[in-house]
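See structure below.
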Amino acid sequence: MSKILVIAEHDGSSLNLSTAKCIACATKLADAKIDVAVFAEDGTDIANEAAQLDSVSKVLLVDSPSNRYPLAAIIAPQLVAMADGYSHLLGPSTTFGKDLMPRVAALLGVNQISDVMTVLGTHKFKRPIYAGNAILTVEAPDDRPVVATVRTASFSAVGSGNSAIVEQVSLDADIPDHTRFVELQAGQSDRPDLQTATKVVSGGRALGSSENFDIIFKLADALGAGVGASRAAVDAGYVANEMQVGQTGKIIAPDLYIAIGISGAIQHLTGIKDAGTIVAINKDEDAPIFEVADLGIVGDLFQIVPELEKAIGS
Amino acid sequence: MERVLVGLKRVVDYNVRVRIRSDGSGVETDGVKMSINPFDEIALEEALRMKERGEANEVVVVSIGGSECQQQLRTGLAMGADRAILVETAESVNPLTGARIFLELIKREAAELVLLGKQAIDDDNNQTGQMLAALWGRPQATFASRIELNGSTAKVTREVDVGLETIEVDLPAVITTDLRLNEPRYVKLPDIMKAKKKPLDQIPVADLAVESAASITAVTFEPPEQRQKGIIVKDVAELVAALKDKGLV
Ligand SMILES: Cc1cc2nc3c(=O)[nH]c(=O)nc-3n(C[C@H](O)[C@H](O)[C@H](O)COP(=O)(O)OP(=O)(O)OC[C@H]3O[C@@H](n4cnc5c(N)ncnc54)[C@H](O)[C@@H]3O)c2cc1C
Ligand SMILES: Nc1ncnc2c1ncn2[C@@H]1O[C@H](COP(=O)(O)O)[C@@H](O)[C@H]1O
């Protein structure tokens with residue numbers, strides 16, 4: 001039997017969708033018993049939300065003021081204290097999971113499997129390397145726990161309707177005071193979240209300025225889409241870092257992705273390879289983005305985008 | 001602070017479109033351009049700026065790998081690092097073993113800060129820095145886009161999924177770099193000449209007496225599923241019609 005502990009991600013008040021995706025990955029392991037660990041302050045609501053997710057047996061809530069912020073150095077020793085008896089520890093391949101899980105793996109004396117995209121067996125998985133230009137099948141040793149992060153874009157979230165038990169846990173772990181939260185500047189947006197949006201419109205370097213980027217936002221609003229960007233657009237300061245799509249930004253899988261004034265560098269493409277339909281708008285007919293686009297239109301974005309917005313709005 | 005260690009991994013250059021060997025045994029690296037992992041170049045640039053501001057006395061670059069890694073170390077010396085250490089091993093090391101090697105070097109060098117890349121762009125593991133911090137029992141500040149040293153602490157702004165998170169850590173610590181931390185300097189020709197005279201220590205990995213961690217075994221490599229090239233439409237009306245057809249608008 002696989003006894004799996006999934007580490008919940010949340011923002012202090014509600015669960016991140018990545019948790020339901022990690023559980024979906026866990027269900028692919030043979031004969032899985034799945035528990036969810038919630039580290040939070042006043043985390044009852046979050047734990048209850050996790051308990052509703054399908055396939056969950058039990059939610060373990062570690063409710064403590066020191067768990068107010070998601071700091072890896074503070075959560076890792078607690079997770080290790082909880083790990084006994086589990087064959088697998090799974091976290092999401094989000095910045096939260098990427099920060100935390102290797103610290104846990106090292107404390108348990110194992111290497112981590114990063115970005116699981118396919119489950120082939122209890123100890124055999126596929127994962128992307130080289131910015132998704134190669135897919136590697138890996139096998140973990142079966143005499144020690146498997147610590148892995150889950151590439152969330154590869155799994156559809158499990159449903160909810162379950163009512164698993166929630167257990168309050170107190171742990172015997174040394175909580176360090178060498179790491180302190182200062183502040184979080186979260187991008188505020190009423191638009192759909194980039195990672196869960198079914199439609200995403202992204203702009204690249206060609207937009208030229210943050211003012212010009214407005215046409216991307218307008219088109220997104222007409223479509224009810226989330227907004228992304230290439231690294232070049234973020235580096236140039238047109239938009240905030242959390243909007244970057246790609247190898248080192250967000251990996252997304254919307255039904256519709258519209259790339260505007262983006263050349264299609266491999267580091268960008270790796271972030272969108274699971275998108276349903278890719279549309280490219282670019283003035284260079286030889287731009288690599290057209291190699292992967294289902295629908296392309298060659299021309300000046302400053303003319304095409306407003307026209308498209310109007311056509312959709314009407 | 002006296003000494004900063006910086007990891008420099010030799011990787012296939014980010015511009016190369018990698019190919020899988022026909023027998024599926026790995027990625028073709030013969031005759032392929034190799035470079036310093038881009039995140040590591042950023043780590044080195046940051047360390048050099050610390051030195052230039054008088055916050056660090058010595059910058060030591062470290063690579064773990066074959067003797068060919070000397071090339072990347074020499075580039076690091078040309079950028080401005082004071083010394084280089086090559087931990088020589090014929091086999092590639094997994095992240096946990098790599099972290100153990102770095103820990104041993106920290107002890108030998110009495111380093112107070114280790115700057116690594118957030119991930120090596122070959123294996124895309126994104127593990128070594130966090131593992132090193134764990135083994136060292138010290139703070140980690142991953143995905144840094146801004147670092148401010150204040151004596152015995154560092155304030156680090158991190159690129160996280162929802163925006164920018166700032167944390168404060170006590171030193172010593174491990175910090176891993178994100179793309180927007182800085183823009184690395186170019187190496188000038190005279191610096192390449194000067195770098196030839198800078199010390200580069202070669203230590204056989206066996207001399208460090210580090211226990212190798214059990215690897216995750218690589219079974220097979222395969223190319224990703226390719227997306228098919230689609231169609232070019234002539235105007236917006238045709239595009240909208242095609243999207244309507246697919247039920248996307
Ligand atoms: C380690 C590493 C990690 C990276 N990670 C990422 C990542 O996560 N995400 C990412 O996006 N990039 C990433 N990059 C950067 C990547 O290599 C490219 O540099 C970047 O994606 C280019 O952005 P762009 O397409 O907006 O700009 P460009 O490549 O400059 O392309 C601009 C495009 O706009 C078109 N254009 C110009 N004017 C117009 C117009 N008026 N109308 C229509 N089209 C126009 C041009 O034809 C061109 O194709 C990474 C790089 C490295 C080294
Ligand atoms: N063989 C190596 N030599 C030097 N530094 C390394 C090596 N492997 C990993 N690192 C450092 O650890 C970082 C993260 O690597 P990884 O965990 O493999 O993604 C890299 O950016 C380097 O700074």
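Ordered as shown in the structure tokens, chains take letters A, B, and onward, while each chain numbers its residues from 1 and ligands are numbered from 1 in the order shown.
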Exercise for review: Tell me, as a ChimeraX atom specification, which residues lie within 10 Å of stretch 207-222 of chain A, counting only C-alpha atoms; anything in the same chain fewer than 6 positions away does not count.
Suggested key: /A:190-192,199-201,228-229,233-234,236-239,258-262,301-302,305-314 /B:249
Could you list, as a PyMOL selection string, all residues that come within 8 Å of ligand 1? Count only C-alpha atoms and all ligand atoms.
(chain A and resi 203-207+229-233+244-250+260-269+271+281-285+287-289+298-302) or (chain B and resi 14-15+37-39+121+179)
Please identify the strand (DSSP E) residues within stretch 73-208 of chain A (assignment by DSSP from backbone atoms) and present them as a PyMOL selection string. chain A and resi 88-92+112-116+118-119+124-129+134-139+146-150+165-168+179-186+199-203
Would you output that residue set with N, CA and C atoms, as a CSV table (one decimal), in the first residue's frame?
```csv
chain,number,residue,atom,x,y,z
A,88,HIS,N,5.2,8.1,0.8
A,88,HIS,CA,5.3,9.3,-0.2
A,88,HIS,C,5.0,10.6,0.5
A,89,LEU,N,5.8,11.6,0.2
A,89,LEU,CA,5.4,13.0,0.6
A,89,LEU,C,5.3,13.8,-0.7
A,90,LEU,N,4.1,14.4,-0.9
A,90,LEU,CA,3.9,15.1,-2.2
A,90,LEU,C,3.6,16.6,-1.9
A,91,GLY,N,4.3,17.5,-2.6
A,91,GLY,CA,3.9,18.9,-2.5
A,91,GLY,C,3.8,19.4,-4.0
A,92,PRO,N,3.2,20.6,-4.1
A,92,PRO,CA,3.0,21.1,-5.5
A,92,PRO,C,4.3,21.7,-6.0
A,112,GLN,N,15.1,14.4,-4.1
A,112,GLN,CA,13.7,14.6,-4.5
A,112,GLN,C,13.4,14.4,-5.9
A,113,ILE,N,12.2,14.0,-6.3
A,113,ILE,CA,11.8,13.9,-7.7
A,113,ILE,C,11.0,15.2,-7.9
A,114,SER,N,11.6,16.1,-8.8
A,114,SER,CA,11.0,17.4,-9.1
A,114,SER,C,10.0,17.3,-10.3
A,115,ASP,N,8.9,17.9,-10.2
A,115,ASP,CA,8.0,18.1,-11.3
A,115,ASP,C,7.4,16.8,-11.9
A,116,VAL,N,6.8,16.0,-11.1
A,116,VAL,CA,6.2,14.7,-11.6
A,116,VAL,C,5.1,15.1,-12.6
A,118,THR,N,3.9,12.4,-14.9
A,118,THR,CA,3.2,11.2,-15.1
A,118,THR,C,3.6,10.2,-14.0
A,119,VAL,N,2.6,9.4,-13.5
A,119,VAL,CA,2.9,8.4,-12.6
A,119,VAL,C,2.9,7.0,-13.3
A,124,LYS,N,8.0,5.0,-9.9
A,124,LYS,CA,8.5,5.3,-11.2
A,124,LYS,C,7.6,6.4,-11.8
A,125,PHE,N,8.3,7.5,-12.3
A,125,PHE,CA,7.6,8.7,-12.7
A,125,PHE,C,8.3,9.3,-14.0
A,126,LYS,N,7.5,10.1,-14.7
A,126,LYS,CA,8.1,10.9,-15.8
A,126,LYS,C,8.2,12.3,-15.3
A,127,ARG,N,9.2,13.0,-15.7
A,127,ARG,CA,9.4,14.4,-15.4
A,127,ARG,C,10.1,15.1,-16.5
A,128,PRO,N,9.8,16.4,-16.7
A,128,PRO,CA,10.5,17.2,-17.8
A,128,PRO,C,11.9,17.7,-17.3
A,129,ILE,N,12.9,17.7,-18.2
A,129,ILE,CA,14.1,18.3,-17.9
A,129,ILE,C,14.5,19.2,-19.1
A,134,ALA,N,13.2,17.5,-23.0
A,134,ALA,CA,13.4,16.1,-22.8
A,134,ALA,C,12.5,15.6,-21.7
A,135,ILE,N,12.0,14.4,-21.8
A,135,ILE,CA,11.2,13.8,-20.8
A,135,ILE,C,12.0,12.6,-20.2
A,136,LEU,N,12.2,12.7,-18.9
A,136,LEU,CA,13.0,11.6,-18.3
A,136,LEU,C,12.1,10.7,-17.4
A,137,THR,N,12.3,9.4,-17.6
A,137,THR,CA,11.6,8.5,-16.7
A,137,THR,C,12.6,8.2,-15.6
A,138,VAL,N,12.1,8.3,-14.4
A,138,VAL,CA,13.0,8.1,-13.2
A,138,VAL,C,12.4,7.1,-12.3
A,139,GLU,N,13.3,6.4,-11.5
A,139,GLU,CA,12.9,5.5,-10.6
A,139,GLU,C,13.6,5.8,-9.2
A,146,VAL,N,9.6,8.4,-0.7
A,146,VAL,CA,9.7,9.2,-1.9
A,146,VAL,C,9.2,10.6,-1.6
A,147,VAL,N,10.1,11.6,-1.9
A,147,VAL,CA,9.7,13.0,-1.7
A,147,VAL,C,9.6,13.6,-3.1
A,148,ALA,N,8.5,14.2,-3.5
A,148,ALA,CA,8.3,14.7,-4.9
A,148,ALA,C,7.5,15.9,-4.9
A,149,THR,N,7.8,16.7,-6.0
A,149,THR,CA,6.9,17.8,-6.3
A,149,THR,C,6.1,17.5,-7.5
A,150,VAL,N,4.9,18.0,-7.6
A,150,VAL,CA,3.9,17.6,-8.6
A,150,VAL,C,3.8,18.8,-9.6
A,165,ILE,N,-12.0,13.0,8.0
A,165,ILE,CA,-11.9,13.5,9.3
A,165,ILE,C,-10.7,14.5,9.4
A,166,VAL,N,-10.9,15.4,10.3
A,166,VAL,CA,-9.8,16.4,10.5
A,166,VAL,C,-9.3,16.1,11.9
A,167,GLU,N,-8.0,16.0,12.0
A,167,GLU,CA,-7.3,15.7,13.3
A,167,GLU,C,-6.4,16.8,13.6
A,168,GLN,N,-6.5,17.4,14.8
A,168,GLN,CA,-5.5,18.4,15.3
A,168,GLN,C,-4.3,17.6,15.8
A,179,THR,N,14.6,32.7,10.6
A,179,THR,CA,14.0,33.1,9.4
A,179,THR,C,12.7,33.8,9.7
A,180,ARG,N,12.5,35.0,9.3
A,180,ARG,CA,11.4,35.8,9.7
A,180,ARG,C,10.7,36.4,8.5
A,181,PHE,N,9.3,36.4,8.5
A,181,PHE,CA,8.5,37.0,7.4
A,181,PHE,C,8.6,38.5,7.6
A,182,VAL,N,8.7,39.2,6.5
A,182,VAL,CA,8.6,40.7,6.6
A,182,VAL,C,7.4,41.2,5.9
A,183,GLU,N,7.2,40.9,4.6
A,183,GLU,CA,6.0,41.4,4.0
A,183,GLU,C,5.7,40.6,2.7
A,184,LEU,N,4.5,40.7,2.2
A,184,LEU,CA,4.2,40.1,0.9
A,184,LEU,C,3.5,41.2,0.1
A,185,GLN,N,4.1,41.5,-1.1
A,185,GLN,CA,3.4,42.4,-2.0
A,185,GLN,C,2.7,41.5,-3.0
A,186,ALA,N,1.4,41.3,-2.9
A,186,ALA,CA,0.7,40.5,-3.8
A,186,ALA,C,0.1,41.3,-4.9
A,199,LYS,N,-8.7,30.6,-20.0
A,199,LYS,CA,-8.2,31.4,-21.1
A,199,LYS,C,-7.1,32.3,-20.6
A,200,VAL,N,-6.0,32.5,-21.3
A,200,VAL,CA,-4.9,33.4,-20.9
A,200,VAL,C,-4.4,34.1,-22.2
A,201,VAL,N,-4.3,35.4,-22.0
A,201,VAL,CA,-3.7,36.3,-23.0
A,201,VAL,C,-2.4,36.8,-22.5
A,202,SER,N,-1.3,36.6,-23.3
A,202,SER,CA,0.0,37.1,-22.8
A,202,SER,C,0.6,38.0,-23.8
A,203,GLY,N,1.4,39.0,-23.3
A,203,GLY,CA,2.1,39.9,-24.1
A,203,GLY,C,3.6,39.8,-23.9
```
Find the spatial neighbours of B:Arg3, counting only C-alpha atoms, within a cut-off of 12 Å - ignore same-chain residues fewer than 5 positions away - and output them as JSON, numbers by chain. {"B": [47, 48, 50, 51, 54, 55, 56, 57, 58, 59, 60, 61, 81, 82, 83, 105, 106, 107, 108, 109, 110, 111, 112, 113, 114, 115, 172]}
note - atom CA of A:Lys273 and atom CA of A:Gly159 are separated by 24.4 Å
Students should find that atom CA of A:Ile297 and atom CA of B:Asp245 are spaced 16.7 Å
Looking at A:Leu61, A:Ala131, A:Ala225, A:Ala293, which one is nearest to ligand 2, with distances taken over only C-alpha atoms and all ligand atoms?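 Using only C-alpha atoms and all ligand atoms, the shortest distance to ligand 2 belongs to A:Ala131.
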| task | Find the spatial neighbours of B:Val18, counting only C-alpha atoms, within a cut-off of 12 Å - ignore same-chain residues fewer than 4 positions away - and output them as a VMD selection string. | result | (chain A and resid 129 to 135 266) or (chain B and resid 11 to 14 26 to 34 121 to 122 221 to 224)
Which residues are near ligand 2 - at most 8 Å, using only C-alpha atoms and all ligand atoms? Format: as an MDAnalysis selection string.
chainID B and resid 6:10 37:40 43 62:65 92:95 98:99 115:129 176
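Going from atom CA of B:Ile36 to atom CA of B:Lys196 covers 17.5 Å.
The protein and nucleic acid residues lying at most 9 Å from A:Ser55 are A:Ile23, A:Ala24, A:Thr27, A:Ala32, A:Lys33, A:Ile34, A:Asp35, A:Val158, A:Gly159, A:Ser160, A:Asn162, A:Ala164, with only C-alpha atoms considered and sequence neighbours fewer than 3 positions away removed.
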Find the residues in chain B near chain A: any atom within 6 Å counts, using only C-alpha atoms. Write them as an mmCIF file with N, CA, C and O atoms, in the first residue's frame.
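Output file out.cif follows:
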```cif
data_model
loop_
_atom_site.group_PDB
_atom_site.id
_atom_site.type_symbol
_atom_site.label_atom_id
_atom_site.label_comp_id
_atom_site.auth_asym_id
_atom_site.auth_seq_id
_atom_site.Cartn_x
_atom_site.Cartn_y
_atom_site.Cartn_z
ATOM 1 N N LEU B 96 21.441 16.006 -3.493
ATOM 2 C CA LEU B 96 21.755 15.801 -2.071
ATOM 3 C C LEU B 96 23.254 15.594 -1.872
ATOM 4 O O LEU B 96 23.848 16.140 -0.941
ATOM 5 N N ILE B 121 19.728 24.575 -15.307
ATOM 6 C CA ILE B 121 18.788 24.466 -16.430
ATOM 7 C C ILE B 121 18.956 23.189 -17.240
ATOM 8 O O ILE B 121 18.329 23.028 -18.275
ATOM 9 N N ASP B 122 19.801 22.254 -16.767
ATOM 10 C CA ASP B 122 19.848 20.952 -17.444
ATOM 11 C C ASP B 122 18.832 20.003 -16.788
ATOM 12 O O ASP B 122 17.842 19.619 -17.399
ATOM 13 N N ASP B 123 19.057 19.672 -15.523
ATOM 14 C CA ASP B 123 18.128 18.760 -14.843
ATOM 15 C C ASP B 123 16.904 19.469 -14.263
ATOM 16 O O ASP B 123 15.967 18.807 -13.813
ATOM 17 N N ASP B 124 16.921 20.796 -14.244
ATOM 18 C CA ASP B 124 15.796 21.576 -13.691
ATOM 19 C C ASP B 124 15.348 21.052 -12.319
ATOM 20 O O ASP B 124 14.150 20.987 -12.037
ATOM 21 N N ASN B 125 16.300 20.693 -11.480
ATOM 22 C CA ASN B 125 15.932 20.095 -10.196
ATOM 23 C C ASN B 125 15.421 21.096 -9.163
ATOM 24 O O ASN B 125 14.456 20.840 -8.461
ATOM 25 N N GLN B 127 16.821 22.077 -6.241
ATOM 26 C CA GLN B 127 16.887 21.418 -4.936
ATOM 27 C C GLN B 127 18.121 21.773 -4.111
ATOM 28 O O GLN B 127 18.051 21.819 -2.875
ATOM 29 N N GLN B 130 18.201 24.505 -1.169
ATOM 30 C CA GLN B 130 17.321 24.187 -0.048
ATOM 31 C C GLN B 130 17.912 23.029 0.758
ATOM 32 O O GLN B 130 17.844 23.021 1.999
ATOM 33 N N MET B 131 18.479 22.042 0.045
ATOM 34 C CA MET B 131 19.064 20.893 0.738
ATOM 35 C C MET B 131 20.282 21.305 1.556
ATOM 36 O O MET B 131 20.461 20.874 2.693
ATOM 37 N N ALA B 134 19.236 23.005 4.693
ATOM 38 C CA ALA B 134 18.716 22.026 5.654
ATOM 39 C C ALA B 134 19.853 21.308 6.373
ATOM 40 O O ALA B 134 19.864 21.195 7.602
ATOM 41 N N PRO B 139 19.248 29.265 7.567
ATOM 42 C CA PRO B 139 18.139 29.767 6.731
ATOM 43 C C PRO B 139 18.393 29.612 5.249
ATOM 44 O O PRO B 139 19.547 29.549 4.809
ATOM 45 N N VAL B 160 7.689 34.977 -5.707
ATOM 46 C CA VAL B 160 6.782 33.859 -5.434
ATOM 47 C C VAL B 160 5.568 33.959 -6.345
ATOM 48 O O VAL B 160 5.364 34.977 -7.000
ATOM 49 N N ASP B 161 4.763 32.910 -6.383
ATOM 50 C CA ASP B 161 3.655 32.840 -7.346
ATOM 51 C C ASP B 161 2.687 34.018 -7.250
ATOM 52 O O ASP B 161 2.129 34.431 -8.256
ATOM 53 N N VAL B 162 2.476 34.530 -6.037
ATOM 54 C CA VAL B 162 1.498 35.613 -5.919
ATOM 55 C C VAL B 162 2.117 36.994 -6.012
ATOM 56 O O VAL B 162 1.392 37.986 -6.029
ATOM 57 N N GLY B 163 3.427 37.084 -6.031
ATOM 58 C CA GLY B 163 4.048 38.397 -6.131
ATOM 59 C C GLY B 163 5.450 38.398 -5.566
ATOM 60 O O GLY B 163 6.275 37.576 -5.943
ATOM 61 N N LEU B 164 5.718 39.336 -4.640
ATOM 62 C CA LEU B 164 7.057 39.443 -4.062
ATOM 63 C C LEU B 164 6.958 39.304 -2.551
ATOM 64 O O LEU B 164 6.226 40.050 -1.898
ATOM 65 N N GLU B 165 7.685 38.323 -2.014
ATOM 66 C CA GLU B 165 7.697 38.120 -0.576
ATOM 67 C C GLU B 165 9.058 38.550 -0.042
ATOM 68 O O GLU B 165 10.077 38.203 -0.620
ATOM 69 N N THR B 166 9.049 39.305 1.047
ATOM 70 C CA THR B 166 10.322 39.681 1.663
ATOM 71 C C THR B 166 10.467 38.958 2.990
ATOM 72 O O THR B 166 9.522 38.924 3.788
ATOM 73 N N ILE B 167 11.637 38.348 3.192
ATOM 74 C CA ILE B 167 11.919 37.707 4.475
ATOM 75 C C ILE B 167 13.247 38.231 4.999
ATOM 76 O O ILE B 167 14.055 38.781 4.243
ATOM 77 N N GLU B 168 13.434 38.062 6.309
ATOM 78 C CA GLU B 168 14.714 38.422 6.888
ATOM 79 C C GLU B 168 15.340 37.156 7.442
ATOM 80 O O GLU B 168 14.661 36.371 8.110
ATOM 81 N N VAL B 169 16.607 36.936 7.132
ATOM 82 C CA VAL B 169 17.293 35.737 7.621
ATOM 83 C C VAL B 169 18.562 36.137 8.357
ATOM 84 O O VAL B 169 19.197 37.136 8.031
ATOM 85 N N ASP B 170 18.890 35.333 9.379
ATOM 86 C CA ASP B 170 20.175 35.520 10.051
ATOM 87 C C ASP B 170 21.255 34.890 9.186
ATOM 88 O O ASP B 170 21.022 33.887 8.519
ATOM 89 N N ILE B 216 18.185 9.075 -7.567
ATOM 90 C CA ILE B 216 16.981 8.763 -8.308
ATOM 91 C C ILE B 216 17.527 8.268 -9.658
ATOM 92 O O ILE B 216 18.262 8.988 -10.317
ATOM 93 N N THR B 217 17.188 7.055 -10.049
ATOM 94 C CA THR B 217 17.798 6.488 -11.252
ATOM 95 C C THR B 217 17.125 7.015 -12.519
ATOM 96 O O THR B 217 15.895 7.030 -12.612
ATOM 97 N N ALA B 218 17.940 7.426 -13.475
ATOM 98 C CA ALA B 218 17.407 7.807 -14.781
ATOM 99 C C ALA B 218 17.194 6.534 -15.589
ATOM 100 O O ALA B 218 18.121 5.760 -15.790
ATOM 101 N N VAL B 219 15.968 6.277 -16.018
ATOM 102 C CA VAL B 219 15.672 5.039 -16.751
ATOM 103 C C VAL B 219 15.776 5.286 -18.257
ATOM 104 O O VAL B 219 16.588 4.662 -18.923
ATOM 105 N N THR B 220 14.960 6.182 -18.786
ATOM 106 C CA THR B 220 15.057 6.516 -20.219
ATOM 107 C C THR B 220 14.785 7.988 -20.456
ATOM 108 O O THR B 220 14.088 8.641 -19.680
ATOM 109 N N PHE B 221 15.360 8.471 -21.545
ATOM 110 C CA PHE B 221 15.117 9.845 -21.989
ATOM 111 C C PHE B 221 14.317 9.764 -23.279
ATOM 112 O O PHE B 221 14.599 8.924 -24.127
ATOM 113 N N GLU B 222 13.334 10.615 -23.415
ATOM 114 C CA GLU B 222 12.600 10.647 -24.685
ATOM 115 C C GLU B 222 12.264 12.090 -25.037
ATOM 116 O O GLU B 222 12.206 12.954 -24.160
ATOM 117 N N PRO B 223 12.070 12.348 -26.322
ATOM 118 C CA PRO B 223 11.679 13.707 -26.692
ATOM 119 C C PRO B 223 10.246 13.973 -26.248
ATOM 120 O O PRO B 223 9.460 13.031 -26.121
ATOM 121 N N PRO B 224 9.906 15.232 -25.992
ATOM 122 C CA PRO B 224 8.529 15.533 -25.600
ATOM 123 C C PRO B 224 7.600 15.357 -26.792
ATOM 124 O O PRO B 224 8.043 15.371 -27.935
ATOM 125 N N ARG B 227 3.973 19.556 -30.536
ATOM 126 C CA ARG B 227 2.706 20.117 -30.993
ATOM 127 C C ARG B 227 2.774 20.255 -32.507
ATOM 128 O O ARG B 227 3.842 20.513 -33.063
ATOM 129 N N LYS B 229 2.204 22.041 -36.055
ATOM 130 C CA LYS B 229 2.077 23.394 -36.571
ATOM 131 C C LYS B 229 0.660 23.576 -37.116
ATOM 132 O O LYS B 229 0.148 22.718 -37.823
ATOM 133 N N GLY B 230 0.019 24.670 -36.770
ATOM 134 C CA GLY B 230 -1.369 24.876 -37.164
ATOM 135 C C GLY B 230 -1.482 25.678 -38.447
ATOM 136 O O GLY B 230 -0.649 25.551 -39.344
ATOM 137 N N ILE B 231 -2.511 26.491 -38.512
ATOM 138 C CA ILE B 231 -2.730 27.250 -39.738
ATOM 139 C C ILE B 231 -2.580 28.753 -39.489
ATOM 140 O O ILE B 231 -2.740 29.229 -38.373
ATOM 141 N N ILE B 232 -2.231 29.444 -40.567
ATOM 142 C CA ILE B 232 -2.160 30.898 -40.513
ATOM 143 C C ILE B 232 -3.465 31.437 -41.114
ATOM 144 O O ILE B 232 -3.819 31.074 -42.240
ATOM 145 N N VAL B 233 -4.169 32.229 -40.351
ATOM 146 C CA VAL B 233 -5.405 32.824 -40.870
ATOM 147 C C VAL B 233 -5.078 34.189 -41.464
ATOM 148 O O VAL B 233 -4.063 34.796 -41.120
ATOM 149 N N VAL B 236 -8.574 39.010 -38.805
ATOM 150 C CA VAL B 236 -9.217 38.847 -37.503
ATOM 151 C C VAL B 236 -10.558 38.108 -37.639
ATOM 152 O O VAL B 236 -10.881 37.254 -36.809
#
```
Show which residues sit within 10 Å of B:Glu68, as a short mmCIF file (atom, residue, chain, number, x, y, z; two decimals) with all heavy atoms, in the first residue's frame. Count only C-alpha atoms, and ignore same-chain residues fewer than 2 positions away.
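Saved as part.cif:
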```
data_model
loop_
_atom_site.label_atom_id
_atom_site.label_comp_id
_atom_site.auth_asym_id
_atom_site.auth_seq_id
_atom_site.Cartn_x
_atom_site.Cartn_y
_atom_site.Cartn_z
N ARG B 10 28.43 23.73 -14.80
CA ARG B 10 28.61 23.71 -16.25
C ARG B 10 27.39 23.02 -16.87
O ARG B 10 27.09 21.86 -16.53
CB ARG B 10 29.89 22.93 -16.56
CG ARG B 10 30.16 22.65 -18.02
CD ARG B 10 31.41 21.76 -18.10
NE ARG B 10 31.57 21.17 -19.41
CZ ARG B 10 32.30 21.70 -20.39
NH1 ARG B 10 32.94 22.83 -20.19
NH2 ARG B 10 32.40 21.09 -21.55
N MET B 34 28.78 24.65 -24.16
CA MET B 34 28.55 24.57 -22.72
C MET B 34 28.82 25.93 -22.08
O MET B 34 29.69 26.67 -22.54
CB MET B 34 29.48 23.52 -22.09
CG MET B 34 29.38 22.13 -22.69
SD MET B 34 27.77 21.34 -22.47
CE MET B 34 27.85 20.90 -20.73
N GLY B 65 32.37 18.57 -10.80
CA GLY B 65 32.26 17.92 -12.10
C GLY B 65 33.62 17.50 -12.64
O GLY B 65 34.60 17.42 -11.88
N GLY B 66 33.70 17.27 -13.94
CA GLY B 66 34.95 16.84 -14.57
C GLY B 66 35.90 18.00 -14.77
O GLY B 66 35.54 19.17 -14.51
N GLN B 70 36.75 23.47 -15.49
CA GLN B 70 37.73 24.55 -15.31
C GLN B 70 37.41 25.73 -16.20
O GLN B 70 37.66 26.88 -15.85
CB GLN B 70 39.13 24.04 -15.66
CG GLN B 70 39.69 23.11 -14.62
CD GLN B 70 41.12 22.72 -14.94
OE1 GLN B 70 41.96 23.57 -15.20
NE2 GLN B 70 41.38 21.42 -14.95
N GLN B 71 36.87 25.41 -17.37
CA GLN B 71 36.50 26.46 -18.33
C GLN B 71 35.52 27.46 -17.71
O GLN B 71 35.70 28.67 -17.79
CB GLN B 71 35.80 25.76 -19.49
CG GLN B 71 36.19 26.20 -20.86
CD GLN B 71 35.35 25.40 -21.87
OE1 GLN B 71 35.09 24.21 -21.70
NE2 GLN B 71 34.92 26.07 -22.92
N GLN B 72 34.48 26.93 -17.08
CA GLN B 72 33.47 27.80 -16.48
C GLN B 72 34.05 28.52 -15.26
O GLN B 72 33.75 29.68 -15.01
CB GLN B 72 32.22 26.99 -16.09
CG GLN B 72 31.29 26.68 -17.27
CD GLN B 72 31.93 25.78 -18.32
OE1 GLN B 72 32.63 24.82 -18.01
NE2 GLN B 72 31.70 26.11 -19.59
N LEU B 73 34.91 27.81 -14.51
CA LEU B 73 35.54 28.45 -13.35
C LEU B 73 36.44 29.60 -13.79
O LEU B 73 36.46 30.67 -13.18
CB LEU B 73 36.32 27.42 -12.54
CG LEU B 73 35.46 26.42 -11.78
CD1 LEU B 73 36.32 25.31 -11.15
CD2 LEU B 73 34.63 27.10 -10.68
N LEU B 86 37.59 23.37 -7.87
CA LEU B 86 36.93 22.34 -8.67
C LEU B 86 36.91 21.05 -7.85
O LEU B 86 37.96 20.53 -7.50
CB LEU B 86 37.69 22.12 -9.98
CG LEU B 86 37.23 20.91 -10.82
CD1 LEU B 86 35.77 21.03 -11.21
CD2 LEU B 86 38.09 20.78 -12.06
N GLU B 88 36.51 17.52 -8.17
CA GLU B 88 36.57 16.67 -9.36
C GLU B 88 35.90 15.33 -9.18
O GLU B 88 36.17 14.59 -8.23
CB GLU B 88 38.02 16.44 -9.76
CG GLU B 88 38.45 17.42 -10.84
CD GLU B 88 39.73 16.99 -11.53
OE1 GLU B 88 40.76 17.02 -10.85
OE2 GLU B 88 39.66 16.64 -12.72
#
```
Write down as a count of residues only the residues belonging to stretch 39-230 of chain B that are assigned alpha helix (DSSP H) by DSSP computed on the backbone. 55
So, counting only C-alpha atoms, which residue among B:Ser35, B:Gln226, B:Ser152, B:Thr89 is closest to B:Ser67?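 Of the candidates, the smallest distance to B:Ser67 is held by B:Thr89.
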